file work05.cif (mmCIF, C-alpha atoms)
data_target
loop_
_atom_site.group_PDB
_atom_site.id
_atom_site.type_symbol
_atom_site.label_atom_id
_atom_site.label_comp_id
_atom_site.auth_asym_id
_atom_site.auth_seq_id
_atom_site.Cartn_x
_atom_site.Cartn_y
_atom_site.Cartn_z
ATOM 1 C CA MET P 1 104.790 -70.082 -75.903
ATOM 2 C CA LYS P 2 102.000 -68.416 -77.850
ATOM 3 C CA ARG P 3 101.698 -69.106 -81.582
ATOM 4 C CA GLU P 4 101.758 -66.032 -83.795
ATOM 5 C CA ARG P 5 100.471 -65.609 -87.332
ATOM 6 C CA VAL P 6 101.742 -63.136 -89.874
ATOM 7 C CA LEU P 7 99.399 -62.375 -92.782
ATOM 8 C CA LEU P 8 101.177 -61.337 -95.956
ATOM 9 C CA PRO P 9 98.698 -60.308 -98.679
ATOM 10 C CA LEU P 10 100.334 -60.461 -102.105
ATOM 11 C CA ASP P 11 99.451 -59.583 -105.647
ATOM 12 C CA ILE P 12 101.445 -62.193 -107.525
ATOM 13 C CA ARG P 13 101.438 -60.040 -110.673
ATOM 14 C CA LYS P 14 103.470 -57.286 -109.014
ATOM 15 C CA CYS P 15 104.906 -58.727 -105.830
ATOM 16 C CA PRO P 16 107.357 -56.379 -104.050
ATOM 17 C CA LEU P 17 110.225 -58.749 -103.264
ATOM 18 C CA GLU P 18 111.820 -56.285 -100.852
ATOM 19 C CA ILE P 19 109.172 -57.219 -98.248
ATOM 20 C CA PHE P 20 110.568 -60.747 -97.884
ATOM 21 C CA PRO P 21 113.735 -59.906 -95.886
ATOM 22 C CA LEU P 22 111.511 -58.313 -93.237
ATOM 23 C CA VAL P 23 109.110 -61.262 -93.202
ATOM 24 C CA GLU P 24 112.027 -63.718 -93.199
ATOM 25 C CA GLY P 25 113.398 -62.124 -90.030
ATOM 26 C CA ILE P 26 110.048 -62.589 -88.294
ATOM 27 C CA ALA P 27 109.509 -66.075 -89.753
ATOM 28 C CA ARG P 28 112.731 -67.442 -88.279
ATOM 29 C CA ARG P 29 111.087 -67.629 -84.854
ATOM 30 C CA PRO P 30 109.641 -71.134 -84.302
ATOM 31 C CA GLU P 31 106.288 -69.903 -82.936
ATOM 32 C CA VAL P 32 105.434 -67.937 -86.100
ATOM 33 C CA THR P 33 103.208 -69.119 -88.950
ATOM 34 C CA VAL P 34 103.277 -67.071 -92.154
ATOM 35 C CA ILE P 35 100.060 -66.900 -94.177
ATOM 36 C CA LEU P 36 100.588 -65.983 -97.824
ATOM 37 C CA LEU P 37 97.341 -64.666 -99.279
ATOM 38 C CA HIS P 38 96.492 -63.898 -102.903
ATOM 39 C CA VAL P 39 92.987 -62.679 -103.696
ATOM 40 C CA MET P 40 91.778 -63.259 -107.234
ATOM 41 C CA HIS P 41 89.117 -61.189 -108.968
ATOM 42 C CA LEU P 42 87.991 -62.878 -112.153
ATOM 43 C CA ASN P 43 85.714 -60.852 -114.389
ATOM 44 C CA ILE P 44 84.589 -63.833 -116.397
ATOM 45 C CA VAL P 45 81.743 -66.301 -116.383
ATOM 46 C CA ALA P 46 82.976 -69.807 -117.029
ATOM 47 C CA PRO P 47 80.659 -72.674 -117.969
ATOM 48 C CA ASP P 48 82.227 -74.826 -115.255
ATOM 49 C CA ASN P 49 84.699 -74.456 -112.378
ATOM 50 C CA ARG P 50 87.644 -75.918 -114.316
ATOM 51 C CA LEU P 51 88.952 -72.500 -115.370
ATOM 52 C CA TYR P 52 88.717 -71.167 -111.820
ATOM 53 C CA ARG P 53 90.571 -74.208 -110.474
ATOM 54 C CA GLU P 54 93.342 -73.819 -113.067
ATOM 55 C CA VAL P 55 93.863 -70.142 -112.239
ATOM 56 C CA GLU P 56 93.832 -70.950 -108.528
ATOM 57 C CA LEU P 57 96.371 -73.749 -108.995
ATOM 58 C CA GLU P 58 98.680 -71.452 -110.952
ATOM 59 C CA ALA P 59 98.477 -68.786 -108.228
ATOM 60 C CA ARG P 60 99.091 -71.399 -105.508
ATOM 61 C CA ARG P 61 102.198 -72.654 -107.343
ATOM 62 C CA HIS P 62 103.490 -69.097 -107.550
ATOM 63 C CA LEU P 63 102.971 -68.623 -103.798
ATOM 64 C CA GLU P 64 104.795 -71.907 -103.173
ATOM 65 C CA ARG P 65 107.762 -70.714 -105.260
ATOM 66 C CA LEU P 66 107.877 -67.413 -103.370
ATOM 67 C CA ALA P 67 107.794 -69.225 -100.029
ATOM 68 C CA TRP P 68 110.496 -71.670 -101.127
ATOM 69 C CA HIS P 69 112.811 -68.918 -102.404
ATOM 70 C CA TYR P 70 112.326 -66.256 -99.742
ATOM 71 C CA LEU P 71 111.281 -67.887 -96.459
ATOM 72 C CA PRO P 72 113.279 -70.189 -94.184
ATOM 73 C CA LEU P 73 112.614 -73.878 -94.814
ATOM 74 C CA THR P 74 111.636 -74.362 -91.169
ATOM 75 C CA THR P 75 108.870 -71.764 -91.352
ATOM 76 C CA SER P 76 105.298 -72.891 -90.904
ATOM 77 C CA ILE P 77 103.448 -71.601 -93.971
ATOM 78 C CA ILE P 78 99.788 -71.496 -94.944
ATOM 79 C CA LEU P 79 98.825 -70.632 -98.526
ATOM 80 C CA HIS P 80 95.435 -69.136 -99.359
ATOM 81 C CA VAL P 81 94.190 -68.263 -102.840
#
call {"tool": "encode", "arguments": {"input": "work05.cif", "output": "structure tokens"}}
result
Amino acid sequence: MKRERVLLPLDIRKCPLEIFPLVEGIARRPEVTVILLHVMHLNIVAPDNRLYREVELEARRHLERLAWHYLPLTTSIILHV
């Protein structure tokens, strides 16, 4: 059995929730890993990386909530911010 990966790029500010029933149907198969990706563009210069880490952590938590609410619990999930 070959492992499959499904990349789902998301903008957490305006995430279209109607995509999740389609992804959920695919994600129910045991050989599928779903990758939730959120790309951040920060137009700021911070004196240290603390601000970047906080924004990343907030985005990661949002992706976790989306995965928990809309994907089967048995789905293999990778989060990238």
call {"tool": "resolve_selection", "arguments": {"input": "work05.cif", "expression": "the PyMOL selection byres ((chain P and resi 55) around 12)", "output": "PDB file with C-alpha atoms, in the coordinates of the input"}}
result
ATOM      1  CA  ILE P  12     101.445 -62.193-107.525  1.00  0.00           C
ATOM      2  CA  HIS P  38      96.492 -63.898-102.903  1.00  0.00           C
ATOM      3  CA  VAL P  39      92.987 -62.679-103.696  1.00  0.00           C
ATOM      4  CA  MET P  40      91.778 -63.259-107.234  1.00  0.00           C
ATOM      5  CA  HIS P  41      89.117 -61.189-108.968  1.00  0.00           C
ATOM      6  CA  LEU P  42      87.991 -62.878-112.153  1.00  0.00           C
ATOM      7  CA  ILE P  44      84.589 -63.833-116.397  1.00  0.00           C
ATOM      8  CA  ALA P  46      82.976 -69.807-117.029  1.00  0.00           C
ATOM      9  CA  ASN P  49      84.699 -74.456-112.378  1.00  0.00           C
ATOM     10  CA  ARG P  50      87.644 -75.918-114.316  1.00  0.00           C
ATOM     11  CA  LEU P  51      88.952 -72.500-115.370  1.00  0.00           C
ATOM     12  CA  TYR P  52      88.717 -71.167-111.820  1.00  0.00           C
ATOM     13  CA  ARG P  53      90.571 -74.208-110.474  1.00  0.00           C
ATOM     14  CA  GLU P  54      93.342 -73.819-113.067  1.00  0.00           C
ATOM     15  CA  GLU P  56      93.832 -70.950-108.528  1.00  0.00           C
ATOM     16  CA  LEU P  57      96.371 -73.749-108.995  1.00  0.00           C
ATOM     17  CA  GLU P  58      98.680 -71.452-110.952  1.00  0.00           C
ATOM     18  CA  ALA P  59      98.477 -68.786-108.228  1.00  0.00           C
ATOM     19  CA  ARG P  60      99.091 -71.399-105.508  1.00  0.00           C
ATOM     20  CA  ARG P  61     102.198 -72.654-107.343  1.00  0.00           C
ATOM     21  CA  HIS P  62     103.490 -69.097-107.550  1.00  0.00           C
ATOM     22  CA  VAL P  81      94.190 -68.263-102.840  1.00  0.00           C
TER      23      VAL P  81
END
call {"tool": "atom_distance", "arguments": {"input": "work05.cif", "atom1": "CA of Ala27 in chain P", "atom2": "CA of Arg13 in chain P"}}
result
23.2 Å
call {"tool": "closest_residue", "arguments": {"input": "work05.cif", "among": "P:Leu7, P:Cys15, P:Leu79, P:Tyr70", "to": "Arg28 in chain P", "atoms": "all atoms listed in the file"}}
result
P:Tyr70
call {"tool": "atom_distance", "arguments": {"input": "work05.cif", "atom1": "CA of Leu63 in chain P", "atom2": "CA of Val45 in chain P"}}
result
24.8 Å
call {"tool": "closest_residue", "arguments": {"input": "work05.cif", "among": "P:Asn43, P:Leu36, P:Pro9, P:Pro30", "to": "Arg65 in chain P", "atoms": "only C-alpha atoms"}}
result
P:Leu36
call {"tool": "closest_residue", "arguments": {"input": "work05.cif", "among": "P:Leu71, P:Ile78, P:Leu66, P:Leu10", "to": "Ile26 in chain P", "atoms": "all atoms listed in the file"}}
result
P:Leu71
call {"tool": "build_atoms", "arguments": {"input": "work05.cif", "residues": "range 56-78 of chain P", "atoms": "N, CA and C atoms", "output": "PDB file, in the frame of the given file"}}
result
ATOM      1  N   GLU P  56      93.477 -70.812-109.942  1.00  0.00           N
ATOM      2  CA  GLU P  56      93.832 -70.950-108.528  1.00  0.00           C
ATOM      3  C   GLU P  56      95.093 -71.785-108.356  1.00  0.00           C
ATOM      4  N   LEU P  57      95.201 -72.885-109.088  1.00  0.00           N
ATOM      5  CA  LEU P  57      96.371 -73.749-108.995  1.00  0.00           C
ATOM      6  C   LEU P  57      97.632 -73.009-109.438  1.00  0.00           C
ATOM      7  N   GLU P  58      97.529 -72.234-110.491  1.00  0.00           N
ATOM      8  CA  GLU P  58      98.680 -71.452-110.952  1.00  0.00           C
ATOM      9  C   GLU P  58      99.115 -70.432-109.891  1.00  0.00           C
ATOM     10  N   ALA P  59      98.154 -69.755-109.276  1.00  0.00           N
ATOM     11  CA  ALA P  59      98.477 -68.786-108.228  1.00  0.00           C
ATOM     12  C   ALA P  59      99.085 -69.488-107.016  1.00  0.00           C
ATOM     13  N   ARG P  60      98.556 -70.641-106.648  1.00  0.00           N
ATOM     14  CA  ARG P  60      99.091 -71.399-105.508  1.00  0.00           C
ATOM     15  C   ARG P  60     100.540 -71.824-105.783  1.00  0.00           C
ATOM     16  N   ARG P  61     100.819 -72.268-106.990  1.00  0.00           N
ATOM     17  CA  ARG P  61     102.198 -72.654-107.343  1.00  0.00           C
ATOM     18  C   ARG P  61     103.144 -71.460-107.241  1.00  0.00           C
ATOM     19  N   HIS P  62     102.664 -70.297-107.644  1.00  0.00           N
ATOM     20  CA  HIS P  62     103.490 -69.097-107.550  1.00  0.00           C
ATOM     21  C   HIS P  62     103.776 -68.764-106.078  1.00  0.00           C
ATOM     22  N   LEU P  63     102.761 -68.858-105.228  1.00  0.00           N
ATOM     23  CA  LEU P  63     102.971 -68.623-103.798  1.00  0.00           C
ATOM     24  C   LEU P  63     103.957 -69.632-103.220  1.00  0.00           C
ATOM     25  N   GLU P  64     103.857 -70.882-103.645  1.00  0.00           N
ATOM     26  CA  GLU P  64     104.795 -71.907-103.173  1.00  0.00           C
ATOM     27  C   GLU P  64     106.229 -71.563-103.567  1.00  0.00           C
ATOM     28  N   ARG P  65     106.415 -71.102-104.806  1.00  0.00           N
ATOM     29  CA  ARG P  65     107.762 -70.714-105.260  1.00  0.00           C
ATOM     30  C   ARG P  65     108.297 -69.537-104.446  1.00  0.00           C
ATOM     31  N   LEU P  66     107.453 -68.552-104.184  1.00  0.00           N
ATOM     32  CA  LEU P  66     107.877 -67.413-103.370  1.00  0.00           C
ATOM     33  C   LEU P  66     108.284 -67.871-101.974  1.00  0.00           C
ATOM     34  N   ALA P  67     107.479 -68.726-101.371  1.00  0.00           N
ATOM     35  CA  ALA P  67     107.794 -69.225-100.029  1.00  0.00           C
ATOM     36  C   ALA P  67     109.102 -70.003-100.040  1.00  0.00           C
ATOM     37  N   TRP P  68     109.298 -70.849-101.050  1.00  0.00           N
ATOM     38  CA  TRP P  68     110.496 -71.670-101.127  1.00  0.00           C
ATOM     39  C   TRP P  68     111.752 -70.815-101.306  1.00  0.00           C
ATOM     40  N   HIS P  69     111.644 -69.761-102.130  1.00  0.00           N
ATOM     41  CA  HIS P  69     112.811 -68.918-102.404  1.00  0.00           C
ATOM     42  C   HIS P  69     113.123 -67.925-101.292  1.00  0.00           C
ATOM     43  N   TYR P  70     112.107 -67.406-100.612  1.00  0.00           N
ATOM     44  CA  TYR P  70     112.326 -66.256 -99.742  1.00  0.00           C
ATOM     45  C   TYR P  70     112.075 -66.489 -98.261  1.00  0.00           C
ATOM     46  N   LEU P  71     111.538 -67.635 -97.878  1.00  0.00           N
ATOM     47  CA  LEU P  71     111.281 -67.887 -96.459  1.00  0.00           C
ATOM     48  C   LEU P  71     112.122 -69.068 -95.988  1.00  0.00           C
ATOM     49  N   PRO P  72     112.494 -69.062 -94.707  1.00  0.00           N
ATOM     50  CA  PRO P  72     113.279 -70.189 -94.184  1.00  0.00           C
ATOM     51  C   PRO P  72     112.516 -71.507 -94.339  1.00  0.00           C
ATOM     52  N   LEU P  73     113.239 -72.581 -94.604  1.00  0.00           N
ATOM     53  CA  LEU P  73     112.614 -73.878 -94.814  1.00  0.00           C
ATOM     54  C   LEU P  73     111.874 -74.374 -93.577  1.00  0.00           C
ATOM     55  N   THR P  74     112.272 -73.907 -92.407  1.00  0.00           N
ATOM     56  CA  THR P  74     111.636 -74.362 -91.169  1.00  0.00           C
ATOM     57  C   THR P  74     110.384 -73.583 -90.828  1.00  0.00           C
ATOM     58  N   THR P  75     110.036 -72.600 -91.633  1.00  0.00           N
ATOM     59  CA  THR P  75     108.870 -71.764 -91.352  1.00  0.00           C
ATOM     60  C   THR P  75     107.573 -72.518 -91.613  1.00  0.00           C
ATOM     61  N   SER P  76     106.643 -72.361 -90.694  1.00  0.00           N
ATOM     62  CA  SER P  76     105.298 -72.891 -90.904  1.00  0.00           C
ATOM     63  C   SER P  76     104.567 -71.928 -91.829  1.00  0.00           C
ATOM     64  N   ILE P  77     104.049 -72.453 -92.947  1.00  0.00           N
ATOM     65  CA  ILE P  77     103.448 -71.601 -93.971  1.00  0.00           C
ATOM     66  C   ILE P  77     102.057 -72.119 -94.323  1.00  0.00           C
ATOM     67  N   ILE P  78     101.125 -71.185 -94.464  1.00  0.00           N
ATOM     68  CA  ILE P  78      99.788 -71.496 -94.944  1.00  0.00           C
ATOM     69  C   ILE P  78      99.569 -70.674 -96.210  1.00  0.00           C
TER      70      ILE P  78
END
